[in-house]
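> This structure is in structure tokens; I'll ask about it shortly.
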Amino acid sequence: MSESAVVPKTRGEILEGIAFQFCKIATVSLIAGRYVLPVASGLCSVFYVAAHLKGKRDTRCVLKYPLLIAAFWGIVSVISFFLVLFKKLPW
């Protein structure tokens, strides 16, 4: 058996990865408009709960634990939905 070597990423590949993350954000923003924060945070919460239920107990996120992250983004989602739907905000 041969072990597969880990090839370090080039600077260009690292920058493209960052650019791709912003591309995803921009796409969601284009589609959802002013509902971006409530939709994105709600989906983030749902997917972290799903990941936890499927056995993932840690993440690369600064908060480290899927359920903690899900709780945080779930609260953000509820508050932002409320603000978007019931308050007269410019965004």
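Labels for the structure tokens follow display order: chains A, B, ..., residues from 1 in each chain, ligands from 1.
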As a PyMOL selection string, please: the residues near range 23-31 of chain A (cut-off 8 Å, only C-alpha atoms, same-chain neighbours under 4 positions excluded).
chain A and resi 19+36+40
> Take the residues from that selection and write them out as a short mmCIF file (atom, residue, chain, number, x, y, z; two decimals), in the first residue's frame, keeping C-alpha atoms.

data_model
loop_
_atom_site.label_atom_id
_atom_site.label_comp_id
_atom_site.auth_asym_id
_atom_site.auth_seq_id
_atom_site.Cartn_x
_atom_site.Cartn_y
_atom_site.Cartn_z
CA ALA A 19 -12.66 33.90 -3.36
CA VAL A 36 -29.80 36.80 3.30
CA ALA A 40 -28.18 31.86 5.69
#
> For the atom pair CA of Trp73 in chain A and CA of Ser45 in chain A, what is the interatomic distance in Å to one decimal place?
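Calculated distance between CA of Trp73 in chain A and CA of Ser45 in chain A is 5.4 Å.
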> Going by DSSP on the backbone, which residues of range 17-83 of chain A come out as helix (DSSP H, G or I)? List them as a ChimeraX atom specification.
/A:17-53,66-83
> For Ser77 in chain A, work out the shell of residues within 12 Å, counting only C-alpha atoms and skipping chain neighbours fewer than 3 positions away, then give it as an mmCIF file with N, CA and C atoms, in the first residue's frame.

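What landed in part15.cif:
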data_model
loop_
_atom_site.group_PDB
_atom_site.id
_atom_site.type_symbol
_atom_site.label_atom_id
_atom_site.label_comp_id
_atom_site.auth_asym_id
_atom_site.auth_seq_id
_atom_site.Cartn_x
_atom_site.Cartn_y
_atom_site.Cartn_z
ATOM 1 N N TYR A 35 -33.252 39.054 2.741
ATOM 2 C CA TYR A 35 -33.439 37.880 3.596
ATOM 3 C C TYR A 35 -32.174 37.039 3.733
ATOM 4 N N VAL A 36 -31.050 37.564 3.270
ATOM 5 C CA VAL A 36 -29.800 36.800 3.296
ATOM 6 C C VAL A 36 -29.432 36.359 4.711
ATOM 7 N N LEU A 37 -29.397 37.275 5.655
ATOM 8 C CA LEU A 37 -28.978 36.908 7.013
ATOM 9 C C LEU A 37 -29.919 35.895 7.646
ATOM 10 N N PRO A 38 -31.237 36.109 7.635
ATOM 11 C CA PRO A 38 -32.086 35.105 8.257
ATOM 12 C C PRO A 38 -32.037 33.749 7.554
ATOM 13 N N VAL A 39 -31.973 33.748 6.229
ATOM 14 C CA VAL A 39 -31.933 32.478 5.496
ATOM 15 C C VAL A 39 -30.601 31.763 5.713
ATOM 16 N N ALA A 40 -29.504 32.479 5.540
ATOM 17 C CA ALA A 40 -28.180 31.857 5.688
ATOM 18 C C ALA A 40 -27.950 31.366 7.111
ATOM 19 N N SER A 41 -28.312 32.159 8.104
ATOM 20 C CA SER A 41 -28.097 31.736 9.486
ATOM 21 C C SER A 41 -29.014 30.570 9.857
ATOM 22 N N GLY A 42 -30.231 30.586 9.337
ATOM 23 C CA GLY A 42 -31.142 29.463 9.591
ATOM 24 C C GLY A 42 -30.633 28.171 8.973
ATOM 25 N N LEU A 43 -30.178 28.248 7.728
ATOM 26 C CA LEU A 43 -29.634 27.053 7.077
ATOM 27 C C LEU A 43 -28.357 26.579 7.755
ATOM 28 N N CYS A 44 -27.531 27.513 8.178
ATOM 29 C CA CYS A 44 -26.314 27.161 8.913
ATOM 30 C C CYS A 44 -26.684 26.355 10.151
ATOM 31 N N SER A 45 -27.665 26.827 10.890
ATOM 32 C CA SER A 45 -28.113 26.149 12.097
ATOM 33 C C SER A 45 -28.625 24.737 11.782
ATOM 34 N N VAL A 46 -29.459 24.629 10.766
ATOM 35 C CA VAL A 46 -30.026 23.327 10.389
ATOM 36 C C VAL A 46 -28.929 22.343 9.989
ATOM 37 N N ALA A 70 -25.001 25.898 16.062
ATOM 38 C CA ALA A 70 -26.400 25.856 15.627
ATOM 39 C C ALA A 70 -27.272 26.743 16.511
ATOM 40 N N ALA A 71 -27.035 26.722 17.809
ATOM 41 C CA ALA A 71 -27.817 27.558 18.726
ATOM 42 C C ALA A 71 -27.571 29.036 18.435
ATOM 43 N N PHE A 72 -26.310 29.419 18.276
ATOM 44 C CA PHE A 72 -25.980 30.814 17.996
ATOM 45 C C PHE A 72 -26.655 31.294 16.720
ATOM 46 N N TRP A 73 -26.464 30.550 15.611
ATOM 47 C CA TRP A 73 -27.016 30.979 14.330
ATOM 48 C C TRP A 73 -28.528 30.850 14.299
ATOM 49 N N GLY A 74 -29.092 29.926 15.056
ATOM 50 C CA GLY A 74 -30.541 29.829 15.156
ATOM 51 C C GLY A 74 -31.135 31.074 15.791
ATOM 52 N N SER A 80 -33.239 38.060 13.195
ATOM 53 C CA SER A 80 -33.163 38.773 11.921
ATOM 54 C C SER A 80 -34.446 38.609 11.102
ATOM 55 N N PHE A 81 -35.083 37.438 11.152
ATOM 56 C CA PHE A 81 -36.378 37.281 10.484
ATOM 57 C C PHE A 81 -37.394 38.259 11.087
ATOM 58 N N PHE A 82 -37.410 38.344 12.403
ATOM 59 C CA PHE A 82 -38.327 39.264 13.073
ATOM 60 C C PHE A 82 -38.078 40.703 12.625
ATOM 61 N N LEU A 83 -36.818 41.101 12.611
ATOM 62 C CA LEU A 83 -36.491 42.475 12.224
ATOM 63 C C LEU A 83 -36.846 42.761 10.769
ATOM 64 N N VAL A 84 -36.594 41.813 9.886
ATOM 65 C CA VAL A 84 -36.891 42.017 8.470
ATOM 66 C C VAL A 84 -38.403 42.067 8.235
ATOM 67 N N LEU A 85 -39.143 41.224 8.908
ATOM 68 C CA LEU A 85 -40.575 41.144 8.650
ATOM 69 C C LEU A 85 -41.398 42.194 9.362
#
> Which of these residues is nearest to Tyr48 in chain A, using only C-alpha atoms: A:Val6, A:Val76, A:Ala32, A:Leu68?
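Counting only C-alpha atoms, the residue closest to Tyr48 in chain A is A:Leu68.
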